[in-house]
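Undergrad: Structure incoming, see below.
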Amino acid sequence: MKTSRQYPHYFFLLLFVFYFSLPVAAASENLKSGQGWMEFGESYWPEKPVKGGTIQTAAPLYIGLFNPNHFPVMDWASMGFFYDKLILHDGSYKPTIPWLAESWQYLDKVTIVMKLRQGVKFQDGSDFTAMTLKYQMEWILDKKNGAWSRPWLEPLQSVEVVDPFTLKFHLKRPWGAFAGTMASVPGMVISEKALQMDAAIAEKKDIIRMIGSVRRTAEKAETRAESGDASELEKAEAVQARMKFSSLESRMKELETLTQEGKSVDSMPAGTGPYLLSKASPGNYIELKRNPEWWFGKYAGMPDMPYYENVKVSVIPDPSVSLASLKAGKVDYTLLNPFQYPIVKNDPRFRVGISPLNWLVWLMLNQAEGPCKDILVRKAISHAIDRKALVMGTQAGMGRLASCIFPDNHWTHNPDLEPVKFDPELSRKLLAQAGYKNGLTIKGFTLNTPVSQAFTKAVMAMLENVGIKWEVDFLGIAGMVEPFMKRKYDMSGGLYQWIFEPDLIATALYMPDGMLNYGRNKNEKAIQLIVQGREETDDAKRVKIYQQLEAILYENYEDVWLWYPMMVAASSKRIQGFNVEMLKQHGEGYIRSHPTWFKDGGRQD
Amino acid sequence: MKSFIINRIAYALLILFFVTILVFSLARLLPGDPIQAAAMFNADLSNQEIVSELRARYGLDKPIYIQYVIWLKDFIQGDWGTSLGSGEDVLEMFFRRLPITLELFAGSVFWSLIIGLPLGVISAVKRNSWLDAILTTTSIFGVSIPVFWEGIILIYLFAVIFPILPPSGYVPFAESPIDNILSVILPTFVMGTHGAGLFARYVRSSLLEVLGQDYIRTARAKGLREKSILLVHAAKPAMIPVVTIIGLAWGYVVSGSFLVEYMFAIPGLGRMGVDAVFARDFPVIQATLVMVTVNILLVNLAVDLLYGYLDPRVRVRGNLGQ
């Protein structure tokens with residue numbers, strides 16, 4: 001079962017785009033001191049940045065809607081061009097770096113005060129203030145706006161404006177994931193003006209849909225009322241129906257005036273980010289132009305940021321064609337699948353970078369019914385798999401062996417846990433103990449992409465070696481829904497992408513109502529810890545809770561965790577300013593604050 | 001002829017009606033709810049409440065027959081719904097992509113004709129010679145060569161090694177006519193080589209059949225030159241299978257262009273339709289299949305009429321039938 005996004009290699013590509021072309025984020029205090037991730041000196045890059053040029057990138061999917069809160073968004077990387085977040089993640093994926101939020105602090109368990117950065121303008125010219133952020137939070141929480149990020153803000157009771165740049169968040173209960181949430185979709189800041197336009201356009205569409213039937217109802221009621229034998233009630237109903245129609249009609253006129261010039265956020269993004277949408281050719285490409293008003297460049301004293309004048313993101317679904325486009329000089333960088341690495345690693349025209357990803361490749365076990373209820377079977381499966389061989393054979397070695405759910409560079413990773421040892425002899429013994437001396441057949445499904453099929457077949461062979469026959473159906477994404485929801489499997493393959501806030505993956509996988517659980521397991525100790533972690537606001541205590549959670553999951557062989565993937569990317573050597581070591585150390589904070597540039601100022605095509 | 005056309009249109013409408021029912025039901029018979037799938041694969045962002053809301057927004061919470069009635073009514077009125085995959089208006093999406101696929105089709109037919117026709121004619125004229133054997137092998141190679149292999153080889157050849165063409169992407173004609181032509185050369189050639197192989201085979205056998213007819217013998221007996229016999233008397237009736245293939249190819253243009261559109265990153269109908277099937281994007285699947293059916297019905301009608309033009313015997317039989 002794959003989570004988060006639909007196509008694994010697509011998101012390698014998207015992340016690449018994100019890393020190489022998006023400037024963003026920096027904490028004011030760090031900026032002033034010039035320390036750590038905010039380093040702009042020679043240790044970061046020996047040459048001075050040059051403004052200019054058009055950088056061309058490839059994305060495997062078209063972006064979809066431009067409002068990150070609306071379904072569907074397909075290309076999260078491109079969203080970063082338009083929107084800044086309140087808080088950013090550091091190199092351990094912890095939301096510690098202030099960006100549009102200068103600071104946030106718990107006044108008590110259920111009140112948080114947040115100070116916002118001043119002098120920031122949205123791409124539509126309006127100002128970013130406490131009022132606009134309060135509006136955004138309320139817009140997300142309002143059901144009629146259809147924000148699919150709404151559940152994230154469930155613990156939020158209300159937002160109070162203290163002064164133009166200070167807010168108080170009043171919570172229903174202690175909320176440990178507050179910073180993590182503000183570093184995610186709800187924290188992508190959108191213009192109030194644009195959201196109001198969005199709401200107006202949605203309301204207009206609703207009125208258009210219903211006005212015809214309201215008019216017909218009013219006309220019928222009036223005809224009835226005008227007949228000789230109409231009762232007083234019918235006459236009153238006719239008046240009421242006519243009033244309803246008139247009020248809709250007048251609202252429609254208001255909305256028409258209001259929305260005459262405007263566009264919905266879905267088609268015209270309006271954040272505070274470094275690039276503005278210039279042209280969109282759906283399914284083909286998007287063109288962006290530099291946002292000269294981008295606050296960070298000015299704030300950091302480097303007004304030329306972002307350095308590229310224009311960005312063109314072309315949709316190229318096939319990874320081989322992406323690589324060919326890079327070689328032909330038609331795109332300036334691309335993500336690679338691990339097996340493309342040898343093709344470019346010695347090419348003098350390109351710079352190739354390998355960095356860790358916060359993803360998890362795993363096998364999901366159904367403990368609600370079938371043989372995987374038995375811990376001996378789960379142990380036997382886990383010890384039968386040679387994780388190192390899998391990574392070497394199916395990922396060209398580009399992966400780190402997984403011990404549990406949080407990647408080895410994640411802030412809540414438990415360093416005391418080792419990846420489960422490959423021990424086929426032990427597996428056979430465990431199977432015999434579980435009563436499957438003559439072998440065991442388990443069923444499952446996995447995604448039908450070539451990458452997924454390759455690793456699944458390798459696992460099948462490893463299991464066969466100890467006497468476990470894994471019968472697998474290779475399915476498309478939508479085809480996996482029914483067997484998953486009806487738990488028609490013993491074990492199935494999965495990929496979880498973008499592990500930032502620990503509560504999200506823990507809930508999705510190990511809470512009985514989690515989106516990747518559906519009653520497949522119910523570990524009471526784990527559930528207790530997840531609830532505890534959700535409500536704990538002290539980060540040090542949260543780390544202990546999640547490390548304990550990992551230990552409990554590990555001891556119970558809850559699932560089979562295989563590896564944490566790596567990102568492999570190649571770029572033209574003309575691109576300057578990308579420091580992989582700083583990326584590893586400082587994560588998103590580095591990426592957003594250190595835009596890249598062309599050595600020669602770039603071609604102007 | 002008039003009543004023939006009216007009858008055909010009436011049949012076509014009836015078929016279309018049943019196709020809408022079939023398409024609608026089949027799309028829903030595919031296992032997997034699209035919203036549930038999307039939500040499940042975006043576990044960070046979803047919960048059951050949101051899934052229910054989204055299902056309601058797209059009308060997926062209603063009984064299937066009500067969904068069908070609403071969809072059909074809206075479809076006829078020009079409201080084709082919103083794509084579950086991209087959030088775009090399906091009508092706009094379809095008509096924005098249609099000209100692209102039409103251009104690909106026209107380009108591929110162009111390549112097929114300029115390669116396939118001469119090959120077929122030469123093969124027929126020089127039948128059973130070494131040249132015929134070489135050309136027949138070439139035709140079979142053209143038919144059987146995998147699109148992916150041919151595509152990537154051509155991309156590396158003409159975009160990387162000899163960089164004269166773009167490796168992928170599509171530039172609309174209105175934006176830049178020259179770039180537009182350059183951007184479709186490789187994809188249309190790849191599509192066209194497959195058709196060229198077929199054309200060559202069909203033209204060869206059709207021409208051989210025609211050249212064996214009595215009236216051709218008569219023409220020869222009258223002392224007409226071979227070139228004149230071939231071009232004036234044999235070529236027109238031999239074109240009937242070519243028209244059939246073009247008609248058939250047009251019928252399959254959406255599904256047939258998928259691989260080429262995917263590989264060359266062309267935002268056409270093929271990629272849209274196949275992606276929609278994988279994502280269970282019902283509004284797009286339904287619109288695409290209905291329009292493909294309309295297309296096939298229209299093409300069949302056009303081909304029947306063209307037969308009449310190309311072969312007077314068809315007209316005569318048609319009139320006798322009436």
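Going by the structure tokens order, chains are called A, B, ..., each with residues numbered from 1, while ligands are numbered from 1 in the order shown.
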Using only C-alpha atoms, find the residues of chain A whose closest atom to chain B is at most 7 Å away, then write them as a ChimeraX atom specification.

TA: /A:2-6,64-65,72,148-149,283-284,315-318,321,324-325,327-328,476-482,504,508,515

Undergrad: Run DSSP on the backbone and give me the residues of segment 60-287 of chain B it puts in helix (DSSP H, G or I), as a VMD selection string.

TA: chain B and resid 64 to 76 90 to 125 130 to 144 147 to 161 177 to 211 214 to 221 226 to 238 240 to 251 253 to 256 258 to 263 269 to 279 282 to 287

Undergrad: For the atom pair atom CA of Thr446 of chain A and atom CA of Pro565 of chain A, what is the interatomic distance in Å to one decimal place?

TA: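 Going from atom CA of Thr446 of chain A over to atom CA of Pro565 of chain A covers 17.7 Å.
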
Undergrad: Of the candidates B:Leu289, B:Leu207, B:Ala219, B:Leu305, which one gets nearest to Leu26 of chain B if we count only C-alpha atoms?

TA: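 Among the listed residues, the smallest separation from Leu26 of chain B belongs to B:Leu289.
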
Undergrad: Pick out the closest residue to Leu288 of chain A from this set: A:Ile354, A:Ala434, A:Val472, A:Ile55. Count only C-alpha atoms.

TA: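 Between A:Ile354, A:Ala434, A:Val472, A:Ile55, the residue approaching Leu288 of chain A most closely is A:Ile55.
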
Undergrad: Hey, can you check how far atom CA of Leu88 of chain A sits from atom CA of Glu588 of chain A?

TA: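 Rounded to one decimal, the two atoms are 6.1 Å apart.
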
Undergrad: Might you pull out every residue within 12 Å of Lys584 of chain A, with only C-alpha atoms counted and same-chain residues fewer than 2 positions away left off, and present them as a tab-separated table (two decimals) with N, CA and C atoms, in the first residue's frame?

TA:
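That gives us out_12.tsv:
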```tsv
chain	number	residue	atom	x	y	z
A	19	TYR	N	13.98	21.14	-4.44
A	19	TYR	CA	15.30	21.39	-3.89
A	19	TYR	C	16.10	22.38	-4.72
A	37	TRP	N	22.33	26.93	9.37
A	37	TRP	CA	21.67	26.82	8.07
A	37	TRP	C	21.55	28.14	7.34
A	89	HIS	N	10.72	22.95	8.39
A	89	HIS	CA	11.37	21.82	9.04
A	89	HIS	C	12.89	21.94	8.92
A	90	ASP	N	13.57	21.47	9.93
A	90	ASP	CA	15.03	21.45	9.85
A	90	ASP	C	15.48	20.10	9.26
A	91	GLY	N	16.78	19.84	9.34
A	91	GLY	CA	17.32	18.63	8.72
A	91	GLY	C	16.85	17.33	9.34
A	92	SER	N	16.28	17.42	10.56
A	92	SER	CA	15.74	16.20	11.18
A	92	SER	C	14.22	16.16	11.01
A	93	TYR	N	13.71	16.98	10.12
A	93	TYR	CA	12.28	17.05	9.80
A	93	TYR	C	11.45	17.58	10.98
A	353	GLY	N	23.70	14.47	-7.17
A	353	GLY	CA	23.62	14.50	-5.70
A	353	GLY	C	22.76	13.37	-5.17
A	354	ILE	N	23.20	12.80	-4.05
A	354	ILE	CA	22.42	11.74	-3.40
A	354	ILE	C	22.13	12.22	-1.98
A	355	SER	N	20.87	12.20	-1.60
A	355	SER	CA	20.54	12.64	-0.23
A	355	SER	C	19.39	11.80	0.32
A	356	PRO	N	19.29	11.73	1.65
A	356	PRO	CA	18.26	10.88	2.25
A	356	PRO	C	16.85	11.44	2.06
A	357	LEU	N	15.91	10.54	1.99
A	357	LEU	CA	14.49	10.95	1.88
A	357	LEU	C	13.75	10.50	3.14
A	358	ASN	N	12.75	11.26	3.52
A	358	ASN	CA	11.96	10.86	4.69
A	358	ASN	C	10.76	10.01	4.26
A	409	ASN	N	17.17	9.64	10.15
A	409	ASN	CA	17.54	11.03	10.42
A	409	ASN	C	16.34	11.85	10.90
A	410	HIS	N	15.27	11.15	11.31
A	410	HIS	CA	14.08	11.85	11.81
A	410	HIS	C	14.25	12.14	13.30
A	566	MET	N	16.53	6.87	-0.85
A	566	MET	CA	17.43	8.01	-1.08
A	566	MET	C	16.96	8.75	-2.33
A	567	MET	N	17.29	10.03	-2.38
A	567	MET	CA	16.96	10.81	-3.57
A	567	MET	C	18.22	10.97	-4.42
A	578	PHE	N	23.99	24.92	-4.91
A	578	PHE	CA	23.29	23.83	-4.23
A	578	PHE	C	24.29	23.01	-3.43
A	579	ASN	N	24.16	23.11	-2.13
A	579	ASN	CA	25.11	22.47	-1.23
A	579	ASN	C	24.41	21.29	-0.53
A	580	VAL	N	24.75	20.07	-0.99
A	580	VAL	CA	24.05	18.87	-0.50
A	580	VAL	C	24.25	18.68	1.00
A	581	GLU	N	25.45	19.00	1.47
A	581	GLU	CA	25.71	18.81	2.91
A	581	GLU	C	24.83	19.72	3.74
A	582	MET	N	24.65	20.96	3.29
A	582	MET	CA	23.77	21.87	4.03
A	582	MET	C	22.33	21.40	3.97
A	586	HIS	N	20.33	20.90	7.27
A	586	HIS	CA	19.34	21.92	7.62
A	586	HIS	C	18.02	21.81	6.86
A	587	GLY	N	17.89	20.83	6.03
A	587	GLY	CA	16.61	20.51	5.39
A	587	GLY	C	15.95	21.69	4.71
A	588	GLU	N	14.65	21.78	4.98
A	588	GLU	CA	13.81	22.78	4.33
A	588	GLU	C	14.30	24.21	4.60
A	589	GLY	N	14.82	24.44	5.81
A	589	GLY	CA	15.30	25.77	6.17
A	589	GLY	C	16.40	26.21	5.22
A	590	TYR	N	17.29	25.30	4.86
A	590	TYR	CA	18.36	25.61	3.92
A	590	TYR	C	17.79	25.86	2.52
A	591	ILE	N	16.92	24.95	2.09
A	591	ILE	CA	16.41	25.03	0.71
A	591	ILE	C	15.71	26.36	0.46
```

Undergrad: Of the candidates B:Leu131, B:Val69, B:Ile153, B:Ile246, which shows the shortest atom-to-atom distance to Leu113 of chain B, using only C-alpha atoms?

TA: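 That would be B:Ile246, the residue with the smallest distance to Leu113 of chain B.
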
Undergrad: So that I can check the surroundings of Gly270 of chain B, please list as a ChimeraX atom specification every protein, DNA and RNA residue that reaches within 10 Å of it, counting only C-alpha atoms and ignoring chain neighbours fewer than 6 positions away.

TA: /B:97-98,101,252-262,276,288

Undergrad: Store the residues picked out above in a file with all heavy atoms, as a short mmCIF file (atom, residue, chain, number, x, y, z; two decimals), in the first residue's frame.

TA:
```cif
data_model
loop_
_atom_site.label_atom_id
_atom_site.label_comp_id
_atom_site.auth_asym_id
_atom_site.auth_seq_id
_atom_site.Cartn_x
_atom_site.Cartn_y
_atom_site.Cartn_z
N ARG B 97 -7.60 19.38 -25.48
CA ARG B 97 -6.72 18.29 -25.89
C ARG B 97 -7.06 17.72 -27.27
O ARG B 97 -6.21 17.12 -27.90
CB ARG B 97 -6.75 17.18 -24.84
CG ARG B 97 -6.01 17.57 -23.58
CD ARG B 97 -6.36 16.66 -22.44
NE ARG B 97 -5.66 17.03 -21.21
CZ ARG B 97 -4.59 16.40 -20.74
NH1 ARG B 97 -4.09 15.39 -21.40
NH2 ARG B 97 -4.01 16.77 -19.63
N LEU B 98 -8.32 17.88 -27.67
CA LEU B 98 -8.75 17.29 -28.94
C LEU B 98 -7.88 17.74 -30.13
O LEU B 98 -7.40 16.90 -30.90
CB LEU B 98 -10.23 17.59 -29.18
CG LEU B 98 -10.82 17.05 -30.47
CD1 LEU B 98 -10.81 15.52 -30.48
CD2 LEU B 98 -12.24 17.56 -30.69
N THR B 101 -4.55 15.90 -30.25
CA THR B 101 -4.63 14.52 -30.72
C THR B 101 -4.94 14.49 -32.23
O THR B 101 -4.42 13.65 -32.96
CB THR B 101 -5.68 13.74 -29.91
OG1 THR B 101 -5.25 13.75 -28.55
CG2 THR B 101 -5.82 12.31 -30.36
N TYR B 252 -9.27 4.31 -33.24
CA TYR B 252 -8.41 3.90 -32.14
C TYR B 252 -7.42 4.99 -31.73
O TYR B 252 -6.49 4.74 -30.98
CB TYR B 252 -7.62 2.63 -32.53
CG TYR B 252 -8.50 1.43 -32.64
CD1 TYR B 252 -8.82 0.88 -33.87
CD2 TYR B 252 -9.05 0.84 -31.50
CE1 TYR B 252 -9.65 -0.23 -33.97
CE2 TYR B 252 -9.88 -0.26 -31.59
CZ TYR B 252 -10.17 -0.79 -32.83
OH TYR B 252 -11.00 -1.88 -32.91
N VAL B 253 -7.65 6.19 -32.25
CA VAL B 253 -6.63 7.22 -32.04
C VAL B 253 -6.41 7.53 -30.56
O VAL B 253 -5.29 7.74 -30.11
CB VAL B 253 -6.95 8.49 -32.86
CG1 VAL B 253 -8.19 9.19 -32.37
CG2 VAL B 253 -5.76 9.43 -32.85
N VAL B 254 -7.50 7.51 -29.77
CA VAL B 254 -7.35 7.88 -28.36
C VAL B 254 -6.53 6.84 -27.61
O VAL B 254 -5.53 7.16 -26.97
CB VAL B 254 -8.74 8.07 -27.71
CG1 VAL B 254 -8.61 8.22 -26.21
CG2 VAL B 254 -9.39 9.32 -28.29
N SER B 255 -6.93 5.56 -27.75
CA SER B 255 -6.17 4.54 -27.02
C SER B 255 -4.81 4.33 -27.67
O SER B 255 -3.81 4.12 -26.97
CB SER B 255 -6.95 3.23 -26.99
OG SER B 255 -7.29 2.85 -28.29
N GLY B 256 -4.76 4.44 -28.99
CA GLY B 256 -3.51 4.17 -29.69
C GLY B 256 -2.45 5.23 -29.48
O GLY B 256 -1.26 4.96 -29.59
N SER B 257 -2.88 6.45 -29.17
CA SER B 257 -1.89 7.51 -29.03
C SER B 257 -1.35 7.62 -27.61
O SER B 257 -0.45 8.40 -27.34
CB SER B 257 -2.49 8.86 -29.45
OG SER B 257 -3.57 9.18 -28.60
N PHE B 258 -1.91 6.81 -26.70
CA PHE B 258 -1.52 6.94 -25.28
C PHE B 258 -0.01 6.83 -25.08
O PHE B 258 0.61 7.69 -24.47
CB PHE B 258 -2.24 5.90 -24.41
CG PHE B 258 -1.61 5.75 -23.06
CD1 PHE B 258 -1.71 6.79 -22.14
CD2 PHE B 258 -0.90 4.63 -22.70
CE1 PHE B 258 -1.11 6.68 -20.88
CE2 PHE B 258 -0.29 4.52 -21.46
CZ PHE B 258 -0.40 5.55 -20.55
N LEU B 259 0.58 5.74 -25.63
CA LEU B 259 2.00 5.51 -25.37
C LEU B 259 2.86 6.65 -25.92
O LEU B 259 3.78 7.11 -25.26
CB LEU B 259 2.44 4.17 -25.98
CG LEU B 259 1.97 2.93 -25.23
CD1 LEU B 259 2.40 1.68 -25.97
CD2 LEU B 259 2.50 2.91 -23.81
N VAL B 260 2.50 7.08 -27.12
CA VAL B 260 3.28 8.15 -27.73
C VAL B 260 3.11 9.45 -26.94
O VAL B 260 4.07 10.17 -26.67
CB VAL B 260 2.86 8.32 -29.21
CG1 VAL B 260 3.37 9.63 -29.78
CG2 VAL B 260 3.39 7.16 -30.03
N GLU B 261 1.88 9.72 -26.53
CA GLU B 261 1.64 10.95 -25.76
C GLU B 261 2.35 10.90 -24.41
O GLU B 261 2.87 11.90 -23.93
CB GLU B 261 0.13 11.15 -25.56
CG GLU B 261 -0.58 11.55 -26.84
CD GLU B 261 -2.07 11.78 -26.65
OE1 GLU B 261 -2.53 11.76 -25.50
OE2 GLU B 261 -2.76 11.97 -27.66
N TYR B 262 2.37 9.72 -23.81
CA TYR B 262 3.04 9.56 -22.52
C TYR B 262 4.54 9.79 -22.70
O TYR B 262 5.16 10.57 -22.00
CB TYR B 262 2.76 8.16 -21.98
CG TYR B 262 3.50 7.82 -20.71
CD1 TYR B 262 3.02 8.25 -19.47
CD2 TYR B 262 4.68 7.10 -20.74
CE1 TYR B 262 3.70 7.94 -18.30
CE2 TYR B 262 5.37 6.79 -19.58
CZ TYR B 262 4.88 7.21 -18.36
OH TYR B 262 5.56 6.92 -17.21
N ALA B 276 -7.09 8.56 -16.76
CA ALA B 276 -8.40 8.61 -16.08
C ALA B 276 -8.85 7.21 -15.68
O ALA B 276 -9.40 7.02 -14.59
CB ALA B 276 -9.44 9.26 -16.98
N THR B 288 -14.73 10.79 -22.22
CA THR B 288 -13.82 10.30 -23.26
C THR B 288 -14.47 9.16 -24.04
O THR B 288 -14.46 9.17 -25.28
CB THR B 288 -12.50 9.81 -22.63
OG1 THR B 288 -12.02 10.83 -21.77
CG2 THR B 288 -11.46 9.50 -23.67
#
```

Undergrad: So the first atom is atom CA of Asp332 of chain A and the second is atom CA of Val274 of chain B; what is the distance between them in Å, to one decimal place?

TA: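 So the two atoms, atom CA of Asp332 of chain A and atom CA of Val274 of chain B, lie 29.2 Å apart.
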
Undergrad: Asp304 of chain A: which residues within 8 Å, counting only C-alpha atoms, same-chain residues fewer than 4 positions away excluded, as a list in words?

TA: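 Returned residues: Val50, Lys51 and Gly297 of chain A.
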
Undergrad: Using DSSP on the backbone coordinates, identify all residues within segment 101-192 of chain A classified as strand (DSSP E or B); present the result as number ranges by chain.

TA: A: 101-108, 111-116, 121, 127, 156-163, 166-171, 188

Undergrad: At a cut-off of 6 Å, using only C-alpha atoms, what residues contact Thr54 of chain A? Leave out same-chain residues fewer than 4 positions from it and give the result as a ChimeraX atom specification.

TA: /A:308-311,604

Undergrad: Now that the selection is made, can you save its residues with N, CA, C and O atoms as a compact mmCIF listing (two decimals), in the first residue's frame?

TA:
```
# COMPACT_ATOMS: atom_id res chain seq x y z
N TYR A 308 16.65 33.35 -10.48
CA TYR A 308 16.17 33.10 -11.85
C TYR A 308 15.04 34.08 -12.18
O TYR A 308 14.14 34.28 -11.37
N GLU A 309 15.09 34.64 -13.38
CA GLU A 309 14.02 35.55 -13.80
C GLU A 309 12.73 34.78 -14.04
O GLU A 309 11.64 35.26 -13.75
N ASN A 310 12.89 33.62 -14.64
CA ASN A 310 11.71 32.81 -14.99
C ASN A 310 11.96 31.34 -14.68
O ASN A 310 13.11 30.90 -14.65
N VAL A 311 10.88 30.64 -14.50
CA VAL A 311 10.95 29.19 -14.30
C VAL A 311 9.93 28.57 -15.24
O VAL A 311 8.82 29.09 -15.38
N GLN A 604 18.58 33.43 -21.75
CA GLN A 604 17.37 34.24 -21.60
C GLN A 604 16.20 33.65 -22.39
O GLN A 604 15.26 34.34 -22.71
```

Undergrad: Skipping near chain neighbours, those fewer than 6 positions away, what residues fall within 9 Å of Asp473 of chain A using only C-alpha atoms, listed as a list of chain:residue names?

TA: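 Listed by chain and then number, they are A:Lys443, A:Gly444, A:Phe445, A:Thr446, A:Leu447, A:Asn448.
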
Undergrad: Emit the selected residues as a PDB file, in the first residue's frame, including N, CA and C atoms.

TA:
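Result saved to out_27.pdb:
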```pdb
ATOM      1  N   LYS A 443      -1.699 -14.220   1.458  1.00  0.00           N
ATOM      2  CA  LYS A 443      -2.164 -13.478   0.273  1.00  0.00           C
ATOM      3  C   LYS A 443      -1.898 -11.988   0.449  1.00  0.00           C
ATOM      4  N   GLY A 444      -1.885 -11.287  -0.657  1.00  0.00           N
ATOM      5  CA  GLY A 444      -1.690  -9.848  -0.542  1.00  0.00           C
ATOM      6  C   GLY A 444      -1.765  -9.164  -1.886  1.00  0.00           C
ATOM      7  N   PHE A 445      -1.465  -7.887  -1.885  1.00  0.00           N
ATOM      8  CA  PHE A 445      -1.478  -7.114  -3.134  1.00  0.00           C
ATOM      9  C   PHE A 445      -0.408  -6.039  -3.045  1.00  0.00           C
ATOM     10  N   THR A 446      -0.034  -5.571  -4.178  1.00  0.00           N
ATOM     11  CA  THR A 446       0.910  -4.449  -4.198  1.00  0.00           C
ATOM     12  C   THR A 446       0.729  -3.677  -5.489  1.00  0.00           C
ATOM     13  N   LEU A 447       1.372  -2.553  -5.561  1.00  0.00           N
ATOM     14  CA  LEU A 447       1.188  -1.672  -6.712  1.00  0.00           C
ATOM     15  C   LEU A 447       1.814  -2.282  -7.971  1.00  0.00           C
ATOM     16  N   ASN A 448       1.182  -1.991  -9.128  1.00  0.00           N
ATOM     17  CA  ASN A 448       1.653  -2.644 -10.352  1.00  0.00           C
ATOM     18  C   ASN A 448       2.722  -1.870 -11.122  1.00  0.00           C
TER      19      ASN A 448
END
```
